[in-house]
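What follows is the content of entry_32.txt (compact mmCIF, C-alpha atoms).
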```txt
# COMPACT_ATOMS: atom_id res chain seq x y z
CA MET A 122 12.66 -13.64 20.05
CA PHE A 123 8.98 -14.36 20.71
CA VAL A 124 8.08 -10.66 20.51
CA GLY A 125 9.82 -10.30 17.13
CA SER A 126 7.92 -13.30 15.82
CA ARG A 127 4.60 -11.78 16.87
CA LEU A 128 5.42 -8.56 15.04
CA LEU A 129 6.21 -10.38 11.81
CA LEU A 130 3.06 -12.52 11.88
CA PRO A 131 0.68 -9.93 10.33
CA VAL A 132 3.09 -9.25 7.47
CA ALA A 133 3.61 -12.98 6.94
CA LEU A 134 -0.15 -13.53 6.83
CA LEU A 135 -0.57 -10.76 4.29
CA LEU A 136 2.13 -12.24 2.11
CA THR A 137 0.74 -15.78 2.26
CA SER A 138 -2.82 -14.64 1.64
CA THR A 139 -1.72 -12.95 -1.58
CA GLY A 140 0.27 -15.92 -2.82
CA TYR A 141 -2.23 -16.97 -5.46
CA ALA A 142 -2.76 -13.50 -6.89
CA GLN A 143 -0.83 -12.40 -9.93
CA THR A 144 2.48 -10.88 -9.00
CA VAL A 145 2.71 -7.13 -9.27
CA SER A 146 5.52 -5.93 -11.49
CA PRO A 147 8.61 -4.99 -9.46
CA GLN A 148 9.06 -2.04 -11.83
CA THR A 149 5.58 -0.78 -10.95
CA VAL A 150 6.23 -1.00 -7.22
CA THR A 151 9.68 0.55 -7.50
CA GLY A 152 8.51 3.35 -9.78
CA GLN A 153 5.59 4.24 -7.53
CA THR A 154 7.76 4.14 -4.41
CA ARG A 155 10.53 6.17 -6.04
CA GLU A 156 8.03 8.86 -7.06
CA MET A 157 6.59 8.93 -3.55
CA GLY A 158 10.07 9.04 -2.06
CA GLN A 159 10.99 12.10 -4.09
CA ARG A 160 7.68 13.89 -3.57
CA LEU A 161 7.56 13.21 0.18
CA ARG A 162 11.33 13.50 0.72
CA LEU A 163 11.62 10.12 2.39
CA ASN A 164 14.88 9.01 3.95
CA GLU A 165 16.41 5.67 2.99
CA GLY A 166 14.86 3.75 5.87
CA GLN A 167 11.41 5.13 5.09
CA TYR A 168 11.87 4.29 1.41
CA VAL A 169 12.76 0.66 2.11
CA LYS A 170 9.76 0.22 4.44
CA LEU A 171 7.43 1.91 1.97
CA LEU A 172 8.70 -0.27 -0.87
CA THR A 173 7.65 -3.39 1.04
CA LEU A 174 4.34 -1.82 2.05
CA ASN A 175 3.56 -0.77 -1.54
CA ARG A 176 4.33 -4.26 -2.81
CA ILE A 177 1.90 -5.77 -0.31
CA ARG A 178 -0.78 -3.16 -0.99
CA LEU A 179 -0.65 -3.44 -4.76
CA THR A 180 -0.71 -7.24 -4.62
CA ARG A 181 -3.65 -7.21 -2.21
CA GLN A 182 -5.44 -4.62 -4.36
CA ARG A 183 -5.10 -6.84 -7.41
CA GLU A 184 -6.33 -9.82 -5.41
CA ILE A 185 -9.41 -7.90 -4.22
CA GLU A 186 -10.18 -6.69 -7.73
CA GLN A 187 -9.97 -10.23 -9.12
CA ALA A 188 -12.03 -11.77 -6.34
CA THR A 189 -14.83 -9.20 -6.50
CA LEU A 190 -15.37 -8.79 -10.23
CA ALA A 191 -19.12 -9.39 -9.91
CA ASP A 192 -19.66 -7.45 -6.68
CA ALA A 193 -18.84 -3.76 -6.96
CA ALA A 194 -20.06 -3.01 -3.42
CA ALA A 195 -17.81 -5.67 -1.89
CA ARG A 196 -14.89 -4.46 -4.00
CA ALA A 197 -15.38 -0.85 -2.91
CA SER A 198 -15.67 -1.86 0.73
CA GLN A 199 -12.59 -4.07 0.68
CA LEU A 200 -10.53 -1.51 -1.21
CA ALA A 201 -11.54 1.19 1.28
CA GLU A 202 -10.49 -1.08 4.14
CA LEU A 203 -7.18 -1.77 2.39
CA GLN A 204 -6.63 1.98 1.93
CA ASP A 205 -7.34 2.64 5.61
CA GLN A 206 -4.83 -0.04 6.63
CA TYR A 207 -2.29 1.36 4.16
CA GLU A 208 -2.61 4.86 5.60
CA LEU A 209 -2.28 3.48 9.12
CA GLU A 210 0.95 1.70 8.17
CA CYS A 211 2.22 4.81 6.35
CA GLY A 212 1.61 6.73 9.57
CA ARG A 213 4.07 4.39 11.28
CA ILE A 214 6.70 5.07 8.63
CA MET A 215 6.25 8.76 7.82
CA SER A 216 6.16 12.01 9.71
CA ALA A 217 2.81 13.77 10.15
CA THR A 218 3.77 16.26 7.43
CA GLN A 219 4.73 13.52 4.98
CA LEU A 220 1.51 11.61 5.70
CA SER A 221 -0.54 14.77 5.12
CA GLN A 222 1.23 15.35 1.79
CA LEU A 223 0.56 11.73 0.81
CA GLN A 224 -3.14 12.05 1.60
CA GLN A 225 -3.39 15.33 -0.33
CA GLY A 226 -1.76 13.70 -3.34
CA GLU A 227 -4.08 10.69 -3.16
CA ASN A 228 -7.14 12.93 -2.94
CA GLN A 229 -6.02 14.75 -6.08
CA SER A 230 -5.38 11.50 -7.95
CA LEU A 231 -8.83 10.18 -7.01
CA THR A 232 -10.59 12.97 -8.89
CA PRO A 233 -13.17 11.27 -11.13
CA VAL A 234 -12.48 11.20 -14.86
CA GLY A 235 -15.47 12.04 -17.03
CA ASN A 236 -16.80 9.73 -19.69
CA GLY A 237 -17.58 12.28 -22.23
```

Now that the file is in, can you turn its structure into structure tokens?
Amino acid sequence: MFVGSRLLLPVALLLTSTGYAQTVSPQTVTGQTREMGQRLRLNEGQYVKLLTLNRIRLTRQREIEQATLADAAARASQLAELQDQYELECGRIMSATQLSQLQQGENQSLTPVGNG
């Protein structure tokens, strides 16, 4: 029982640290996870784990963006750290092939959009 409690502690801390941030729309989280599930061909267990992970990530992302409005460098640093942690957790859920496909898709979606 003690071991199980230790494993849940990081997730519990993430959830409590995001308690004051605006809640992310369940439809947003579900839609994003459903799209990822189809694209990456996730099984049901992977989907459920990713749904929770996406909810935490999107909530934490919103919290970082709100807390660092005046400090673009801090925002970029914290968002990069969040992304690294997200990919690490995805690596625990997905196969190497699925993770590679996820990273390729994220790289394509991060292509800068011009202003004119």

If you count only C-alpha atoms, which residues fall within 10 Å of segment 217-225 of chain A, apart from same-chain ones fewer than 3 positions away, as a JSON list (two decimals) with C-alpha atoms, keeping the file's coordinate frame?
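Listed below is the output, result-v8.json:
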```
[["chain", "number", "residue", "atom", "x", "y", "z"],
["A", 157, "MET", "CA", 6.59, 8.93, -3.55],
["A", 158, "GLY", "CA", 10.07, 9.04, -2.06],
["A", 160, "ARG", "CA", 7.68, 13.89, -3.57],
["A", 161, "LEU", "CA", 7.56, 13.21, 0.18],
["A", 162, "ARG", "CA", 11.33, 13.50, 0.72],
["A", 163, "LEU", "CA", 11.62, 10.12, 2.39],
["A", 208, "GLU", "CA", -2.61, 4.86, 5.60],
["A", 209, "LEU", "CA", -2.28, 3.48, 9.12],
["A", 211, "CYS", "CA", 2.22, 4.81, 6.35],
["A", 212, "GLY", "CA", 1.61, 6.73, 9.57],
["A", 213, "ARG", "CA", 4.07, 4.39, 11.28],
["A", 214, "ILE", "CA", 6.70, 5.07, 8.63],
["A", 228, "ASN", "CA", -7.14, 12.93, -2.94],
["A", 229, "GLN", "CA", -6.02, 14.75, -6.08],
["A", 230, "SER", "CA", -5.38, 11.50, -7.95]]
```

(message) One number please: atom CA of Arg183 of chain A to atom CA of Gln206 of chain A, in Å, one decimal.
(response)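 We find that atom CA of Arg183 of chain A and atom CA of Gln206 of chain A lie 15.6 Å from each other.
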
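Take atom CA of Ala191 of chain A and atom CA of Arg176 of chain A: the distance between them is 25.0 Å.
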
(message) Here is a test: counting all atoms listed in the file, which residue of A:Glu156, A:Met215, A:Gln182, A:Asp205 is nearest to Lys170 of chain A?
(response) A:Met215

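Interatomic distance, atom CA of Tyr168 of chain A against atom CA of Thr154 of chain A: 7.1 Å.
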
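Compared by their closest atoms to Arg196 of chain A, and using all atoms listed in the file, the residues A:Glu184, A:Ser146, A:Glu165, A:Leu172 rank with A:Glu184 nearest.
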
(message) Please list as a ChimeraX atom specification every residue within 10 Å of Val150 of chain A, counting all atoms listed in the file and excluding residues in the same chain fewer than 2 positions away.
(response) /A:145-148,152-155,171-180
